[in-house]
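One structure below.
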Amino acid sequence: MNLYVVRHAEAMSLGGEIRSDFDRTLSERGRAQATMMARALAQIDLDIQAIITSPLVRAVETGEIFGRELKREAETSRRLEPGFNPRLLQEEILATSNGAGVVAIGHQPDMSIFISYLISPAHAATVAMETSAIACVQLQSTGQGQLRWLLTPELVKQMNFAL
């Protein structure tokens with residue numbers, strides 16, 4: 001199965017009306033990036049079974065945008081909260097997938113740590129995940145993964161996807 005590990009889109013900074021990191025919403029640029037990346041993913045893989053997001057507002061909003069483009073409803077998972085346990089998230093994804101693709105949307109550095117957990121037995125891999133980036137990890141039923149590709153907003157713009 002393909003697991004699409006996504007870092008949430010660009011969010012507003014703390015300050016003013018935004019008093020809690022939990023409540024940071026997407027910026028206008030973040031909304032545009034998430035839409036562009038979701039459309040690119042929709043062109044790459046339409047066999048996506050589930051979209052799960054961190055319960056933090058910026059991840060939920062990113063998930064809603066991906067859901068709209070992929071025609072799937074995003075669901076929140078506490079297993080994607082900042083500081084999550086990679087093994088528990090891996091178990092949830094394997095139980096959810098039925099062999100079809102899953103999109104998991106969360107935060108840094110957790111998403112990089114999660115990819116490392118899946119692809120490197122010693123968890124020594126380093127994967128840079130900028131906002132809105134998508135990493136495709138081919139996940140075996142055993143839980144072992146192989147990084148297939150990493151797509152950034154800049155790369156999508158350069159590739160000139162028909163978005």
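Here's how to read the names in the structure tokens: chain A, B, ... by the order shown, residue numbers from 1 in each chain, ligand numbers from 1 in the order shown.
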List every residue of chain A that DSSP, applied to the backbone, labels as alpha helix (DSSP H), and write the result as a VMD selection string.
chain A and resid 28 to 44 57 to 70 86 to 97 110 to 119 153 to 159
Would you mind listing what lies within 10 Å of Gly83 (chain A) as a VMD selection string, with only C-alpha atoms counted and same-chain residues fewer than 3 positions away left out?
chain A and resid 79 to 80 86 107 to 111 113
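For the choices A:Val127, A:Val6, A:Ala122, A:Leu94, the atom-to-atom distance to Leu41 (chain A) is smallest for A:Val6 when using only C-alpha atoms.
Every protein, DNA or RNA residue with an atom at most 10 Å from Arg87 (chain A), where only C-alpha atoms count and chain neighbours fewer than 5 positions away do not, is listed here: A:Arg79, A:Glu92, A:Ile93, A:Phe114, A:Tyr117, A:Leu118, A:Gly143.
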Just N, CA and C atoms for this one: save the residues we selected as a compact mmCIF listing (two decimals), in the first residue's frame.
# COMPACT_ATOMS: atom_id res chain seq x y z
N ARG A 79 -3.42 9.85 17.40
CA ARG A 79 -2.11 9.24 17.16
C ARG A 79 -1.22 10.09 16.26
N GLU A 92 -2.23 1.74 13.42
CA GLU A 92 -3.53 2.30 13.00
C GLU A 92 -3.63 2.32 11.48
N ILE A 93 -2.58 2.74 10.81
CA ILE A 93 -2.59 2.83 9.35
C ILE A 93 -2.75 1.44 8.73
N PHE A 114 8.65 9.79 11.75
CA PHE A 114 7.80 8.68 11.35
C PHE A 114 8.32 8.01 10.08
N TYR A 117 11.32 6.02 10.94
CA TYR A 117 10.91 4.79 11.64
C TYR A 117 10.49 3.71 10.64
N LEU A 118 9.77 4.12 9.59
CA LEU A 118 9.26 3.17 8.62
C LEU A 118 10.32 2.64 7.66
N GLY A 143 4.83 -3.79 7.93
CA GLY A 143 5.10 -2.47 8.50
C GLY A 143 6.38 -1.85 7.99
Each residue of region 52-110 of chain A with at least one atom at most 12 Å from region 10-26 of chain A should appear once, together with its nearest atom pair and the corresponding distance in Å (one decimal); atoms considered: only C-alpha atoms; ordering: chain, then increasing residue number; output as a Markdown table.
| residue | atom | partner | partner_atom | distance |
| --- | --- | --- | --- | --- |
| A:Ser54 | CA | A:Phe22 | CA | 10.1 |
| A:Pro55 | CA | A:Phe22 | CA | 8.2 |
| A:Leu56 | CA | A:Phe22 | CA | 5.0 |
| A:Val57 | CA | A:Asp23 | CA | 5.4 |
| A:Arg58 | CA | A:Thr25 | CA | 4.8 |
| A:Ala59 | CA | A:Leu26 | CA | 8.5 |
| A:Val60 | CA | A:Thr25 | CA | 9.1 |
| A:Glu61 | CA | A:Leu26 | CA | 6.9 |
| A:Thr62 | CA | A:Leu26 | CA | 7.7 |
| A:Gly63 | CA | A:Leu26 | CA | 11.2 |
| A:Glu64 | CA | A:Leu26 | CA | 11.4 |
| A:Ile65 | CA | A:Leu26 | CA | 10.8 |
| A:Glu81 | CA | A:Phe22 | CA | 9.9 |
| A:Pro82 | CA | A:Phe22 | CA | 10.0 |
| A:Gly106 | CA | A:Glu10 | CA | 11.9 |
| A:His107 | CA | A:Glu10 | CA | 10.8 |
| A:Gln108 | CA | A:Glu10 | CA | 11.8 |
Could you save those same residues with C-alpha atoms as a compact mmCIF listing (two decimals), in the first residue's frame?
# COMPACT_ATOMS: atom_id res chain seq x y z
CA SER A 54 -3.63 15.50 13.67
CA PRO A 55 -6.40 17.17 15.70
CA LEU A 56 -4.59 20.53 15.59
CA VAL A 57 -6.51 23.09 13.52
CA ARG A 58 -3.87 23.61 10.80
CA ALA A 59 -3.66 19.86 10.13
CA VAL A 60 -7.46 19.49 10.14
CA GLU A 61 -7.78 22.34 7.62
CA THR A 62 -5.08 20.76 5.44
CA GLY A 63 -6.98 17.46 5.67
CA GLU A 64 -10.24 19.12 4.63
CA ILE A 65 -8.55 20.49 1.51
CA GLU A 81 -0.73 14.69 17.80
CA PRO A 82 2.70 16.29 18.20
CA GLY A 106 0.79 15.96 10.81
CA HIS A 107 3.61 18.14 12.07
CA GLN A 108 7.38 18.46 12.14
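Nearest to Leu147 (chain A) of all the residues A:Ile48, A:Ile119, A:Ile134, A:Met159 is A:Ile119, based on only C-alpha atoms.
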Where in chain A does DSSP assign strand (DSSP E), given as a ChimeraX atom specification?
/A:2-7,48-53,74-76,101-106,134-139,145-151
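A straight line drawn from CA of Thr131 (chain A) to CA of Leu70 (chain A) is 19.1 Å long.
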Taking only C-alpha atoms into account, name the residue in A:Asn85, A:Gln43, A:Ser112, A:Thr96 that is nearest to Glu69 (chain A).
A:Gln43
Find the residue from A:Ile51, A:His123, A:Thr142, A:Thr152 that sits nearest to Gln90 (chain A); use only C-alpha atoms when measuring.
A:Thr142
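Counting only C-alpha atoms, the residue from A:Glu75, A:Glu130, A:Asp45, A:Glu154 that sits nearest to Ala9 (chain A) is A:Glu130.
Among the candidates A:Ala74, A:Phe66, A:Gln49, A:Gln146, the residue lying nearest to Gln33 (chain A) is A:Phe66 (atoms considered: only C-alpha atoms).
From CA of Val102 (chain A) back to CA of Thr76 (chain A), the distance works out to 13.0 Å.
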